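Below is one structure, written out as structure tokens, with a few remarks after it.
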Amino acid sequence: MMEVLHGLGTGFAVALSPLNLLLVLAGCFAGTLIGALPGIGPINGVAILLPIAYGLGFPPESALILLAGIYYGAEYGGRISSILLNVPGDAGAVMTTLDGNPMARNGQAGKALSLSAVASFVGGTIAVVLLSLFGPMLARFGVKFQPSDYVALMVFAFACLASLVGSSPLKTLTGALIGLMLATIGVDANTGVQRYSFGIPDLLAGIDFLVIVIGLFGMAELFHLVEQQIRGRLTTVPIDKSFVSWADIARTKWTMLRCSLIGFIIGTLPGTGASVASAVAYGTEKRLAGSTAGTFGTGDIRGLAAPEAANNGSATGAMVPMLTLGIPGSGTTAILLGALLMFNVTPGPLMFEQRPEIAWGLIASMYIGNIALLVLNLPLVGLFARMLTIPQHYLTPLIAILAFIGIYSIVGNPFDLYMIIGLGVFGWILRKLDFSLAPVILGFVLGGLFENNLRRALSISGGDWGILFSTVDSLVLYALAIAVVVIPLWLGRRAARRANAAFDA
Amino acid sequence: MPDRIFAAVLLFLSLIYAFYAFFVIKAPFQYDPLGPEAWPRLLSVIMILCSGALLLRPLVQNFDVDGATWKRLAIVLALLAGYAVLFEPLGFIISTVLFATVTSRLLGAVWKRAALFGLGVGVGGYLLCAGLLDLNLPAGPLPRL
């Protein structure tokens, strides 16, 4: 406990410095703006702004504070387009449309926006408290991890990914493999042997992480917008004078608390993020509502509070494995992890001891950011809602220009401009074919770690593969990996059998 | 069908990838039990299995993009390529003004507004990013800030 308080002390000292305070506010503000844009979710927002944040030359903790602010700010802002437009910014905001949009159409737009801001605040704050309590504990557990345990952890991460994310496990696995294979391009650090660079000098150092992120997310998003382009303006529901009351909060307090916890726990699982968390939370609340569940989907405040508390909880929960074990908990945290690697900071169990200013500074900034978001969102929601009316024909070129500025100012190589366009087309095709892109980026980020740990483990054992199964930690992780794959399959079969039985009777 | 085509291309590429992993990549000397070729070999085998499975049991049946949309996508792709080609030689301001004006016009803005938008983004973007934020952007023939 003392350790946590001490850490938070260090963290607030970092986060309250004028520059970092400014960056938290700027990140939260920019994040909410981006999240409010219809169709652009947190992952695209962070991807497009990552190189610019990197190019500004801040110290690593400040850049991370800014990027994290954009991340959970966008998670906050996503609810605005869900509620007013019925267009979710990303998969994590889909559940918010179910009750949020009906509320707005029933003349309670103001109430829906303010209630969801409160729910987001509760979710984010509970999750950051849990993060500061459990983070150091998990890090202490992770410190004694050997390379072979890391291999087991990666297997677990990819098992979670395949079983819980995306339309089909096969496609998710294929996506992760694409990422893993892209990561093998370039000179092998251990032996200096060229792999898959075909003598092209621009590929010797491998494909830059920024190029992958901007290409697969930013540019693919641009093609998606062009494809979906809707002529004229979308019709938004105007914001009225209704506002959340204490009675509403009292009615939803248990919903918020439960769903914050659900969100946090699901967020901590490697690979699963806001979309799974909000869906599980919504389903749970609907089941718990029992006889009053009929109002879900028609503008029930519980149905709005549940997914919002959960997706903000999971955004913070996803930071737990990233900060403590160096394994990202979601696609967006994979980007944050890559950002840390660009600063030559290796996230992992030692970060709490060796670079406390980064680990604790980030955590402390999230306390501040959550309060800032609530304060920003209640009065300024009208301003953010204006973003909804930005016509697509200005938004699309803007994304391209931001991507070009970002890539050129960091790498300064015109070859990379062609690379991001090509990867954008590739990412768009993947999206069209129902591949989710988060596994690709997770595979790319984890590829090097996975391979290095495997090789190191086998070096230690002198080539004996038995070392992979030699510790208790690794066996537990393999068991969990099997459970994560088998249990959903078994539950699915059972549900199908029940449905059949009910049909026969 | 689109899934099949994609899976076939993926299978073809992973076969090439596997060929390199099994026959080309070799370290001249090494002390570790696993060399640079082991990991790609493992990945290539799993990928061949995955893309083979996808080829046999495709999931997406319809790509669902009509002719007009294909045309719009192709035009945007061409504009992006042009922007990338001209980015360094013409510099940020000129290339961005051209790109932003033409793209927003083609996507539905009227000429006058598109031109105003292009000018605003090109000049404003340069002043903000190169001037205020000190990012490295190509100046082209115009004098550097």
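For the structure tokens, the naming scheme is as follows: chains receive sequential letters (A, B, ...) according to their order of presentation, residues are indexed from 1 within each chain, and ligands are indexed from 1 in presentation order.
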Fill in: Proximal residues of chain B relative to chain A (only C-alpha atoms; 7 Å) as JSON, numbers by chain
{"B": [3, 25, 27, 32, 33, 34, 36, 39, 43, 47, 50, 60, 63, 69, 73, 84, 100, 103, 104, 107, 108, 109, 133, 135, 136, 137]}
Selection near Ala36 in chain A, 8 Å with only C-alpha atoms, sequence-local residues under 3 positions removed, as a ChimeraX atom specification: /A:32-33,40,74,77-81,89,384-385,387-388
Let's have the selection written as a PDB file, in the first residue's frame, with N, CA and C atoms.
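The new file result.pdb reads:
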ATOM      1  N   THR A  32     -11.540  13.991 -27.449  1.00  0.00           N
ATOM      2  CA  THR A  32     -13.004  14.078 -27.500  1.00  0.00           C
ATOM      3  C   THR A  32     -13.466  14.577 -28.863  1.00  0.00           C
ATOM      4  N   LEU A  33     -12.765  15.574 -29.403  1.00  0.00           N
ATOM      5  CA  LEU A  33     -13.109  16.090 -30.734  1.00  0.00           C
ATOM      6  C   LEU A  33     -13.044  14.970 -31.767  1.00  0.00           C
ATOM      7  N   ILE A  40     -14.789   7.839 -36.862  1.00  0.00           N
ATOM      8  CA  ILE A  40     -13.388   7.769 -36.453  1.00  0.00           C
ATOM      9  C   ILE A  40     -13.319   7.438 -34.973  1.00  0.00           C
ATOM     10  N   ALA A  74     -11.007  10.030 -26.703  1.00  0.00           N
ATOM     11  CA  ALA A  74     -11.772   9.565 -27.860  1.00  0.00           C
ATOM     12  C   ALA A  74     -12.800   8.528 -27.439  1.00  0.00           C
ATOM     13  N   GLY A  77     -15.516  10.676 -26.304  1.00  0.00           N
ATOM     14  CA  GLY A  77     -16.193  11.427 -27.357  1.00  0.00           C
ATOM     15  C   GLY A  77     -17.020  10.537 -28.263  1.00  0.00           C
ATOM     16  N   GLY A  78     -16.653   9.253 -28.327  1.00  0.00           N
ATOM     17  CA  GLY A  78     -17.355   8.332 -29.217  1.00  0.00           C
ATOM     18  C   GLY A  78     -18.844   8.270 -28.941  1.00  0.00           C
ATOM     19  N   ARG A  79     -19.224   8.556 -27.687  1.00  0.00           N
ATOM     20  CA  ARG A  79     -20.635   8.446 -27.339  1.00  0.00           C
ATOM     21  C   ARG A  79     -21.455   9.534 -28.020  1.00  0.00           C
ATOM     22  N   ILE A  80     -20.808  10.674 -28.350  1.00  0.00           N
ATOM     23  CA  ILE A  80     -21.572  11.795 -28.899  1.00  0.00           C
ATOM     24  C   ILE A  80     -22.169  11.431 -30.253  1.00  0.00           C
ATOM     25  N   SER A  81     -21.336  10.847 -31.145  1.00  0.00           N
ATOM     26  CA  SER A  81     -21.900  10.484 -32.452  1.00  0.00           C
ATOM     27  C   SER A  81     -22.834   9.285 -32.328  1.00  0.00           C
ATOM     28  N   GLY A  89     -18.565   5.520 -33.520  1.00  0.00           N
ATOM     29  CA  GLY A  89     -17.228   5.835 -34.019  1.00  0.00           C
ATOM     30  C   GLY A  89     -16.406   4.588 -34.248  1.00  0.00           C
ATOM     31  N   PHE A 384     -18.578  20.059 -29.060  1.00  0.00           N
ATOM     32  CA  PHE A 384     -18.140  18.776 -29.613  1.00  0.00           C
ATOM     33  C   PHE A 384     -19.164  18.262 -30.630  1.00  0.00           C
ATOM     34  N   ALA A 385     -20.444  18.507 -30.331  1.00  0.00           N
ATOM     35  CA  ALA A 385     -21.482  18.012 -31.229  1.00  0.00           C
ATOM     36  C   ALA A 385     -21.394  18.693 -32.597  1.00  0.00           C
ATOM     37  N   MET A 387     -18.817  19.016 -34.268  1.00  0.00           N
ATOM     38  CA  MET A 387     -17.920  18.224 -35.091  1.00  0.00           C
ATOM     39  C   MET A 387     -18.689  17.257 -35.984  1.00  0.00           C
ATOM     40  N   LEU A 388     -19.882  16.895 -35.518  1.00  0.00           N
ATOM     41  CA  LEU A 388     -20.665  15.922 -36.267  1.00  0.00           C
ATOM     42  C   LEU A 388     -21.055  16.464 -37.630  1.00  0.00           C
TER      43      LEU A 388
END
inquiry  = Between A:Ala104, A:Ile390, A:Met154, A:Cys259, which residue has the minimum interatomic distance to Gly124 in chain A, considering only C-alpha atoms?
reply    =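 Counting only C-alpha atoms, the residue closest to Gly124 in chain A is A:Cys259.
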*Taking into account only C-alpha atoms, which residue in the set A:Val14, A:Ala309, A:Ile265, A:Ala109 is nearest to Glu75 in chain A?*
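The shortest atom-to-atom distance to Glu75 in chain A comes from A:Ala309.
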Check: Out of B:Gly125, B:Gly140, B:Gly52, B:Pro2, which residue has the shortest atom-to-atom distance to Ile94 in chain B when counting only C-alpha atoms?
Finding: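 With only C-alpha atoms as the atom set, the closest residue is B:Gly140.
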Where in range 158-355 of chain A does DSSP assign alpha helix (DSSP H), given as a compact mmCIF listing (two decimals) with N, CA and C atoms, in the first residue's frame?
# COMPACT_ATOMS: atom_id res chain seq x y z
N PHE A 158 -2.42 -14.51 -27.78
CA PHE A 158 -2.98 -14.81 -29.10
C PHE A 158 -4.21 -15.71 -28.99
N ALA A 159 -4.25 -16.57 -27.95
CA ALA A 159 -5.44 -17.40 -27.74
C ALA A 159 -6.64 -16.52 -27.41
N CYS A 160 -6.43 -15.52 -26.52
CA CYS A 160 -7.51 -14.57 -26.18
C CYS A 160 -8.00 -13.89 -27.43
N LEU A 161 -7.04 -13.45 -28.22
CA LEU A 161 -7.34 -12.71 -29.44
C LEU A 161 -8.20 -13.55 -30.37
N ALA A 162 -7.75 -14.78 -30.62
CA ALA A 162 -8.44 -15.62 -31.60
C ALA A 162 -9.85 -15.95 -31.12
N SER A 163 -9.98 -16.14 -29.79
CA SER A 163 -11.26 -16.62 -29.31
C SER A 163 -12.27 -15.49 -29.08
N LEU A 164 -11.79 -14.31 -28.73
CA LEU A 164 -12.73 -13.27 -28.29
C LEU A 164 -12.89 -12.11 -29.26
N PRO A 169 -12.51 -16.87 -35.61
CA PRO A 169 -11.17 -17.13 -35.07
C PRO A 169 -10.13 -17.31 -36.17
N LEU A 170 -10.54 -17.96 -37.27
CA LEU A 170 -9.60 -18.20 -38.36
C LEU A 170 -9.09 -16.88 -38.92
N LYS A 171 -10.02 -15.92 -39.12
CA LYS A 171 -9.60 -14.64 -39.69
C LYS A 171 -8.75 -13.85 -38.71
N THR A 172 -9.10 -13.92 -37.42
CA THR A 172 -8.31 -13.20 -36.44
C THR A 172 -6.89 -13.75 -36.40
N LEU A 173 -6.78 -15.08 -36.44
CA LEU A 173 -5.46 -15.71 -36.42
C LEU A 173 -4.67 -15.33 -37.68
N THR A 174 -5.36 -15.37 -38.82
CA THR A 174 -4.69 -14.99 -40.07
C THR A 174 -4.19 -13.55 -39.98
N GLY A 175 -5.04 -12.66 -39.43
CA GLY A 175 -4.66 -11.26 -39.28
C GLY A 175 -3.41 -11.14 -38.41
N ALA A 176 -3.41 -11.85 -37.27
CA ALA A 176 -2.25 -11.80 -36.38
C ALA A 176 -1.00 -12.31 -37.09
N LEU A 177 -1.16 -13.36 -37.91
CA LEU A 177 -0.02 -13.91 -38.64
C LEU A 177 0.52 -12.90 -39.65
N ILE A 178 -0.40 -12.16 -40.31
CA ILE A 178 0.05 -11.12 -41.24
C ILE A 178 0.95 -10.14 -40.50
N GLY A 179 0.50 -9.72 -39.29
CA GLY A 179 1.29 -8.80 -38.49
C GLY A 179 2.63 -9.40 -38.10
N LEU A 180 2.61 -10.66 -37.65
CA LEU A 180 3.85 -11.33 -37.24
C LEU A 180 4.82 -11.43 -38.41
N MET A 181 4.29 -11.73 -39.62
CA MET A 181 5.17 -11.88 -40.77
C MET A 181 5.74 -10.53 -41.20
N LEU A 182 4.90 -9.48 -41.16
CA LEU A 182 5.42 -8.15 -41.50
C LEU A 182 6.56 -7.77 -40.57
N ALA A 183 6.47 -8.23 -39.31
CA ALA A 183 7.50 -7.88 -38.34
C ALA A 183 8.83 -8.57 -38.62
N PHE A 209 7.31 1.15 -37.57
CA PHE A 209 6.06 0.96 -36.86
C PHE A 209 5.03 2.03 -37.21
N LEU A 210 5.50 3.29 -37.32
CA LEU A 210 4.59 4.39 -37.64
C LEU A 210 3.94 4.19 -39.00
N VAL A 211 4.73 3.67 -39.96
CA VAL A 211 4.21 3.48 -41.30
C VAL A 211 3.08 2.44 -41.28
N ILE A 212 3.28 1.37 -40.53
CA ILE A 212 2.23 0.35 -40.41
C ILE A 212 0.97 0.94 -39.79
N VAL A 213 1.16 1.68 -38.69
CA VAL A 213 0.00 2.21 -37.97
C VAL A 213 -0.77 3.21 -38.83
N ALA A 220 -6.41 3.52 -44.25
CA ALA A 220 -7.52 2.60 -44.51
C ALA A 220 -8.84 3.25 -44.12
N GLU A 221 -8.80 4.03 -43.03
CA GLU A 221 -9.99 4.77 -42.60
C GLU A 221 -10.43 5.76 -43.69
N LEU A 222 -9.45 6.39 -44.30
CA LEU A 222 -9.75 7.35 -45.37
C LEU A 222 -10.47 6.65 -46.53
N PHE A 223 -9.95 5.50 -46.97
CA PHE A 223 -10.62 4.78 -48.06
C PHE A 223 -12.02 4.34 -47.64
N HIS A 224 -12.14 3.96 -46.37
CA HIS A 224 -13.45 3.54 -45.86
C HIS A 224 -14.43 4.71 -45.93
N LEU A 225 -13.97 5.90 -45.52
CA LEU A 225 -14.84 7.08 -45.57
C LEU A 225 -15.25 7.39 -47.00
N VAL A 226 -14.29 7.29 -47.94
CA VAL A 226 -14.61 7.58 -49.34
C VAL A 226 -15.64 6.58 -49.85
N GLU A 227 -15.45 5.31 -49.46
CA GLU A 227 -16.39 4.29 -49.92
C GLU A 227 -17.79 4.54 -49.36
N TRP A 246 -30.04 13.76 -10.11
CA TRP A 246 -29.48 12.86 -9.09
C TRP A 246 -30.25 11.56 -9.04
N ALA A 247 -31.56 11.65 -9.31
CA ALA A 247 -32.38 10.43 -9.27
C ALA A 247 -31.90 9.44 -10.33
N ASP A 248 -31.54 9.95 -11.53
CA ASP A 248 -31.05 9.06 -12.59
C ASP A 248 -29.76 8.38 -12.15
N ILE A 249 -28.87 9.17 -11.55
CA ILE A 249 -27.59 8.60 -11.12
C ILE A 249 -27.82 7.57 -10.03
N ALA A 250 -28.73 7.88 -9.10
CA ALA A 250 -29.02 6.93 -8.04
C ALA A 250 -29.58 5.64 -8.63
N ARG A 251 -30.41 5.77 -9.67
CA ARG A 251 -31.01 4.57 -10.27
C ARG A 251 -29.98 3.71 -10.99
N THR A 252 -28.92 4.36 -11.50
CA THR A 252 -27.97 3.60 -12.31
C THR A 252 -26.66 3.34 -11.58
N LYS A 253 -26.60 3.69 -10.26
CA LYS A 253 -25.28 3.61 -9.62
C LYS A 253 -24.74 2.18 -9.60
N TRP A 254 -25.61 1.19 -9.33
CA TRP A 254 -25.10 -0.18 -9.30
C TRP A 254 -24.72 -0.65 -10.70
N THR A 255 -25.53 -0.24 -11.67
CA THR A 255 -25.19 -0.57 -13.06
C THR A 255 -23.80 -0.06 -13.41
N MET A 256 -23.55 1.22 -13.05
CA MET A 256 -22.26 1.81 -13.39
C MET A 256 -21.12 1.07 -12.70
N LEU A 257 -21.31 0.78 -11.40
CA LEU A 257 -20.24 0.12 -10.66
C LEU A 257 -19.95 -1.26 -11.23
N ARG A 258 -21.01 -2.04 -11.44
CA ARG A 258 -20.83 -3.38 -11.99
C ARG A 258 -20.13 -3.33 -13.34
N CYS A 259 -20.63 -2.44 -14.20
CA CYS A 259 -20.11 -2.42 -15.57
C CYS A 259 -18.69 -1.87 -15.63
N SER A 260 -18.34 -0.97 -14.68
CA SER A 260 -16.96 -0.50 -14.65
C SER A 260 -16.03 -1.66 -14.36
N LEU A 261 -16.46 -2.50 -13.39
CA LEU A 261 -15.65 -3.67 -13.04
C LEU A 261 -15.54 -4.64 -14.22
N ILE A 262 -16.70 -4.92 -14.85
CA ILE A 262 -16.69 -5.83 -16.00
C ILE A 262 -15.74 -5.28 -17.06
N GLY A 263 -15.85 -3.98 -17.32
CA GLY A 263 -15.01 -3.36 -18.34
C GLY A 263 -13.54 -3.48 -18.00
N PHE A 264 -13.21 -3.20 -16.74
CA PHE A 264 -11.82 -3.25 -16.33
C PHE A 264 -11.26 -4.66 -16.51
N ILE A 265 -12.02 -5.66 -16.05
CA ILE A 265 -11.52 -7.04 -16.11
C ILE A 265 -11.34 -7.48 -17.55
N ILE A 266 -12.34 -7.21 -18.40
CA ILE A 266 -12.22 -7.62 -19.80
C ILE A 266 -11.10 -6.84 -20.48
N GLY A 267 -10.97 -5.57 -20.10
CA GLY A 267 -9.89 -4.77 -20.68
C GLY A 267 -8.51 -5.31 -20.38
N THR A 268 -8.35 -5.90 -19.17
CA THR A 268 -7.02 -6.39 -18.82
C THR A 268 -6.64 -7.64 -19.60
N ALA A 274 -12.63 -2.60 -25.79
CA ALA A 274 -13.90 -1.95 -25.50
C ALA A 274 -15.10 -2.66 -26.14
N SER A 275 -14.92 -3.23 -27.34
CA SER A 275 -16.09 -3.78 -28.01
C SER A 275 -16.64 -4.97 -27.25
N VAL A 276 -15.76 -5.88 -26.81
CA VAL A 276 -16.21 -7.03 -26.05
C VAL A 276 -16.77 -6.59 -24.70
N ALA A 277 -16.06 -5.65 -24.04
CA ALA A 277 -16.47 -5.20 -22.71
C ALA A 277 -17.87 -4.59 -22.74
N SER A 278 -18.13 -3.69 -23.70
CA SER A 278 -19.43 -3.03 -23.69
C SER A 278 -20.54 -4.01 -24.03
N ALA A 279 -20.25 -4.98 -24.91
CA ALA A 279 -21.28 -5.96 -25.26
C ALA A 279 -21.61 -6.84 -24.06
N VAL A 280 -20.57 -7.30 -23.34
CA VAL A 280 -20.81 -8.14 -22.17
C VAL A 280 -21.57 -7.37 -21.10
N ALA A 281 -21.18 -6.11 -20.87
CA ALA A 281 -21.82 -5.30 -19.84
C ALA A 281 -23.30 -5.09 -20.17
N TYR A 282 -23.59 -4.77 -21.42
CA TYR A 282 -24.98 -4.53 -21.82
C TYR A 282 -25.81 -5.80 -21.62
N GLY A 283 -25.24 -6.93 -22.05
CA GLY A 283 -25.94 -8.20 -21.91
C GLY A 283 -26.21 -8.54 -20.46
N THR A 284 -25.19 -8.32 -19.60
CA THR A 284 -25.34 -8.63 -18.17
C THR A 284 -26.45 -7.78 -17.55
N GLU A 285 -26.42 -6.48 -17.83
CA GLU A 285 -27.42 -5.59 -17.23
C GLU A 285 -28.83 -5.96 -17.69
N LYS A 286 -28.94 -6.33 -18.94
CA LYS A 286 -30.25 -6.68 -19.47
C LYS A 286 -30.79 -7.93 -18.76
N ARG A 287 -29.88 -8.91 -18.53
CA ARG A 287 -30.29 -10.12 -17.85
C ARG A 287 -30.67 -9.81 -16.40
N LEU A 288 -29.88 -8.95 -15.74
CA LEU A 288 -30.14 -8.63 -14.34
C LEU A 288 -31.42 -7.84 -14.16
N ALA A 289 -31.81 -7.10 -15.21
CA ALA A 289 -32.99 -6.25 -15.10
C ALA A 289 -34.26 -7.08 -14.96
N ILE A 301 -32.18 4.23 -19.34
CA ILE A 301 -30.92 4.86 -18.91
C ILE A 301 -29.90 3.82 -18.47
N ARG A 302 -30.37 2.66 -17.98
CA ARG A 302 -29.41 1.62 -17.60
C ARG A 302 -28.67 1.09 -18.83
N GLY A 303 -29.43 0.97 -19.93
CA GLY A 303 -28.83 0.47 -21.17
C GLY A 303 -27.83 1.44 -21.76
N LEU A 304 -27.90 2.71 -21.35
CA LEU A 304 -26.93 3.69 -21.81
C LEU A 304 -25.72 3.73 -20.88
N ALA A 305 -26.00 3.67 -19.56
CA ALA A 305 -24.91 3.77 -18.59
C ALA A 305 -24.00 2.54 -18.67
N ALA A 306 -24.58 1.37 -18.92
CA ALA A 306 -23.80 0.14 -18.88
C ALA A 306 -22.64 0.13 -19.89
N PRO A 307 -22.90 0.28 -21.18
CA PRO A 307 -21.76 0.19 -22.12
C PRO A 307 -20.78 1.34 -21.96
N GLU A 308 -21.27 2.52 -21.54
CA GLU A 308 -20.35 3.65 -21.41
C GLU A 308 -19.39 3.46 -20.25
N ALA A 309 -19.92 2.98 -19.10
CA ALA A 309 -19.02 2.70 -17.98
C ALA A 309 -18.04 1.61 -18.38
N ALA A 310 -18.53 0.60 -19.11
CA ALA A 310 -17.67 -0.54 -19.45
C ALA A 310 -16.60 -0.15 -20.46
N ASN A 311 -16.94 0.62 -21.49
CA ASN A 311 -15.88 0.85 -22.48
C ASN A 311 -14.80 1.79 -21.96
N ASN A 312 -15.17 2.71 -21.07
CA ASN A 312 -14.12 3.52 -20.47
C ASN A 312 -13.30 2.74 -19.45
N GLY A 313 -13.99 1.83 -18.73
CA GLY A 313 -13.25 0.97 -17.81
C GLY A 313 -12.25 0.11 -18.55
N SER A 314 -12.66 -0.40 -19.71
CA SER A 314 -11.77 -1.31 -20.44
C SER A 314 -10.61 -0.55 -21.07
N ALA A 315 -10.84 0.71 -21.46
CA ALA A 315 -9.74 1.49 -22.03
C ALA A 315 -8.60 1.60 -21.03
N THR A 316 -8.96 1.80 -19.76
CA THR A 316 -7.93 1.88 -18.72
C THR A 316 -7.41 0.50 -18.36
N GLY A 317 -8.33 -0.48 -18.32
CA GLY A 317 -7.91 -1.85 -18.01
C GLY A 317 -6.87 -2.36 -19.00
N MET A 319 -4.56 -0.86 -20.22
CA MET A 319 -3.22 -0.34 -19.91
C MET A 319 -2.49 -1.29 -18.95
N VAL A 320 -3.24 -2.10 -18.18
CA VAL A 320 -2.62 -2.91 -17.13
C VAL A 320 -1.58 -3.88 -17.71
N PRO A 321 -1.98 -4.76 -18.65
CA PRO A 321 -0.95 -5.67 -19.17
C PRO A 321 0.15 -4.94 -19.94
N MET A 322 -0.20 -3.80 -20.56
CA MET A 322 0.83 -3.08 -21.30
C MET A 322 1.90 -2.53 -20.35
N LEU A 323 1.46 -1.89 -19.25
CA LEU A 323 2.42 -1.27 -18.34
C LEU A 323 3.17 -2.30 -17.52
N THR A 324 2.50 -3.41 -17.14
CA THR A 324 3.13 -4.32 -16.19
C THR A 324 3.87 -5.47 -16.87
N LEU A 325 3.36 -5.94 -18.01
CA LEU A 325 3.99 -7.10 -18.64
C LEU A 325 4.56 -6.79 -20.01
N GLY A 331 -5.91 -3.13 -29.32
CA GLY A 331 -5.24 -2.58 -30.49
C GLY A 331 -4.63 -1.21 -30.22
N THR A 332 -5.39 -0.35 -29.51
CA THR A 332 -4.89 1.00 -29.24
C THR A 332 -3.71 0.97 -28.30
N THR A 333 -3.75 0.11 -27.27
CA THR A 333 -2.60 0.06 -26.37
C THR A 333 -1.40 -0.56 -27.09
N ALA A 334 -1.65 -1.37 -28.13
CA ALA A 334 -0.52 -1.87 -28.93
C ALA A 334 0.19 -0.70 -29.59
N ILE A 335 -0.59 0.29 -30.04
CA ILE A 335 0.02 1.48 -30.64
C ILE A 335 0.80 2.27 -29.59
N LEU A 336 0.22 2.39 -28.37
CA LEU A 336 0.93 3.10 -27.30
C LEU A 336 2.22 2.38 -26.95
N LEU A 337 2.17 1.03 -26.95
CA LEU A 337 3.36 0.24 -26.65
C LEU A 337 4.43 0.50 -27.70
N GLY A 338 4.00 0.49 -28.97
CA GLY A 338 4.95 0.79 -30.04
C GLY A 338 5.54 2.18 -29.87
N ALA A 339 4.71 3.13 -29.41
CA ALA A 339 5.20 4.49 -29.19
C ALA A 339 6.29 4.49 -28.12
N LEU A 340 6.07 3.73 -27.05
CA LEU A 340 7.09 3.66 -26.00
C LEU A 340 8.38 3.07 -26.54
N LEU A 341 8.26 2.02 -27.38
CA LEU A 341 9.46 1.40 -27.94
C LEU A 341 10.22 2.40 -28.80
N MET A 342 9.48 3.29 -29.49
CA MET A 342 10.15 4.30 -30.31
C MET A 342 11.00 5.24 -29.46
N MET A 351 9.49 -1.45 -15.51
CA MET A 351 9.23 -0.03 -15.73
C MET A 351 8.81 0.68 -14.46
N PHE A 352 8.06 -0.03 -13.58
CA PHE A 352 7.62 0.61 -12.34
C PHE A 352 8.81 0.97 -11.45
N GLU A 353 9.90 0.17 -11.54
CA GLU A 353 11.07 0.46 -10.71
C GLU A 353 12.05 1.38 -11.41
N GLN A 354 12.30 1.07 -12.70
CA GLN A 354 13.36 1.81 -13.38
C GLN A 354 12.90 3.14 -13.96
Here CA of Ala8 in chain B and CA of Ser51 in chain B stand apart by 7.3 Å
**Request:** List the neighbours of Met366 in chain A out to 10 Å using only C-alpha atoms; skip same-chain residues closer than 2 positions along the sequence, and give me the result as a list in words.
**Result:**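 Near Met366 in chain A, the qualifying residues are Ala15, Val24, Cys28, Ile65, Ala68, Gly69, Tyr72, Gly124, Thr125, Ala127, Val128, Val129, Thr316, Trp360, Gly361, Leu362, Ile363, Ala364, Ile368, Gly369, Asn370, Ile371 and Ala372 of chain A.
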- [ ] Work out how far apart CA of Gln146 in chain A and CA of Leu468 in chain A are and give it in Å to one decimal.
- [x]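 Value for the CA of Gln146 in chain A-CA of Leu468 in chain A distance: 9.8 Å.
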Using only C-alpha atoms, pick whichever of B:Gly91, B:Lys112, B:Gly118, B:Tyr31 has the shortest atom-to-atom distance to Ala130 in chain B.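 Using only C-alpha atoms, Ala130 in chain B sits closest to B:Gly91.
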With a distance cut-off of 9 Å and only C-alpha atoms, select the neighbouring residues of Pro89 in chain B, excluding the residue or stretch itself and same-chain residues fewer than 3 positions from it, and output the selection as a compact mmCIF listing (two decimals) with N, CA, C and O atoms, in the first residue's frame.
# COMPACT_ATOMS: atom_id res chain seq x y z
N VAL B 85 3.87 11.99 -54.97
CA VAL B 85 4.91 12.28 -55.95
C VAL B 85 5.34 13.75 -55.84
O VAL B 85 6.53 14.07 -55.88
N LEU B 86 4.35 14.64 -55.69
CA LEU B 86 4.65 16.07 -55.72
C LEU B 86 5.07 16.64 -54.37
O LEU B 86 5.52 17.78 -54.29
N PHE B 92 5.40 21.45 -49.27
CA PHE B 92 4.14 21.17 -48.58
C PHE B 92 3.02 22.10 -49.02
O PHE B 92 1.91 21.67 -49.34
N SER B 95 1.74 21.59 -52.88
CA SER B 95 1.13 20.27 -53.10
C SER B 95 -0.14 20.11 -52.28
O SER B 95 -1.12 19.52 -52.73
N PRO B 138 8.69 19.66 -46.22
CA PRO B 138 9.43 20.15 -47.37
C PRO B 138 8.94 21.55 -47.78
O PRO B 138 7.74 21.80 -47.81
N ALA B 139 9.87 22.46 -48.05
CA ALA B 139 9.48 23.82 -48.43
C ALA B 139 9.30 23.93 -49.94
O ALA B 139 8.55 24.78 -50.41
N GLY B 140 9.98 23.06 -50.71
CA GLY B 140 9.86 23.15 -52.17
C GLY B 140 10.52 24.43 -52.67
O GLY B 140 11.50 24.90 -52.10
N PRO B 141 9.97 25.00 -53.76
CA PRO B 141 10.58 26.21 -54.33
C PRO B 141 10.36 27.45 -53.47
O PRO B 141 11.05 28.45 -53.65
Pairwise distance, CA of Leu132 in chain B with CA of Met419 in chain A, equals 27.9 Å
Give me, as JSON, numbers by chain, all polymer residues having an atom no more than 8 Å from Arg41 in chain B, counting only C-alpha atoms and skipping those fewer than 6 positions away in the same chain. {"B": [18, 21, 22]}
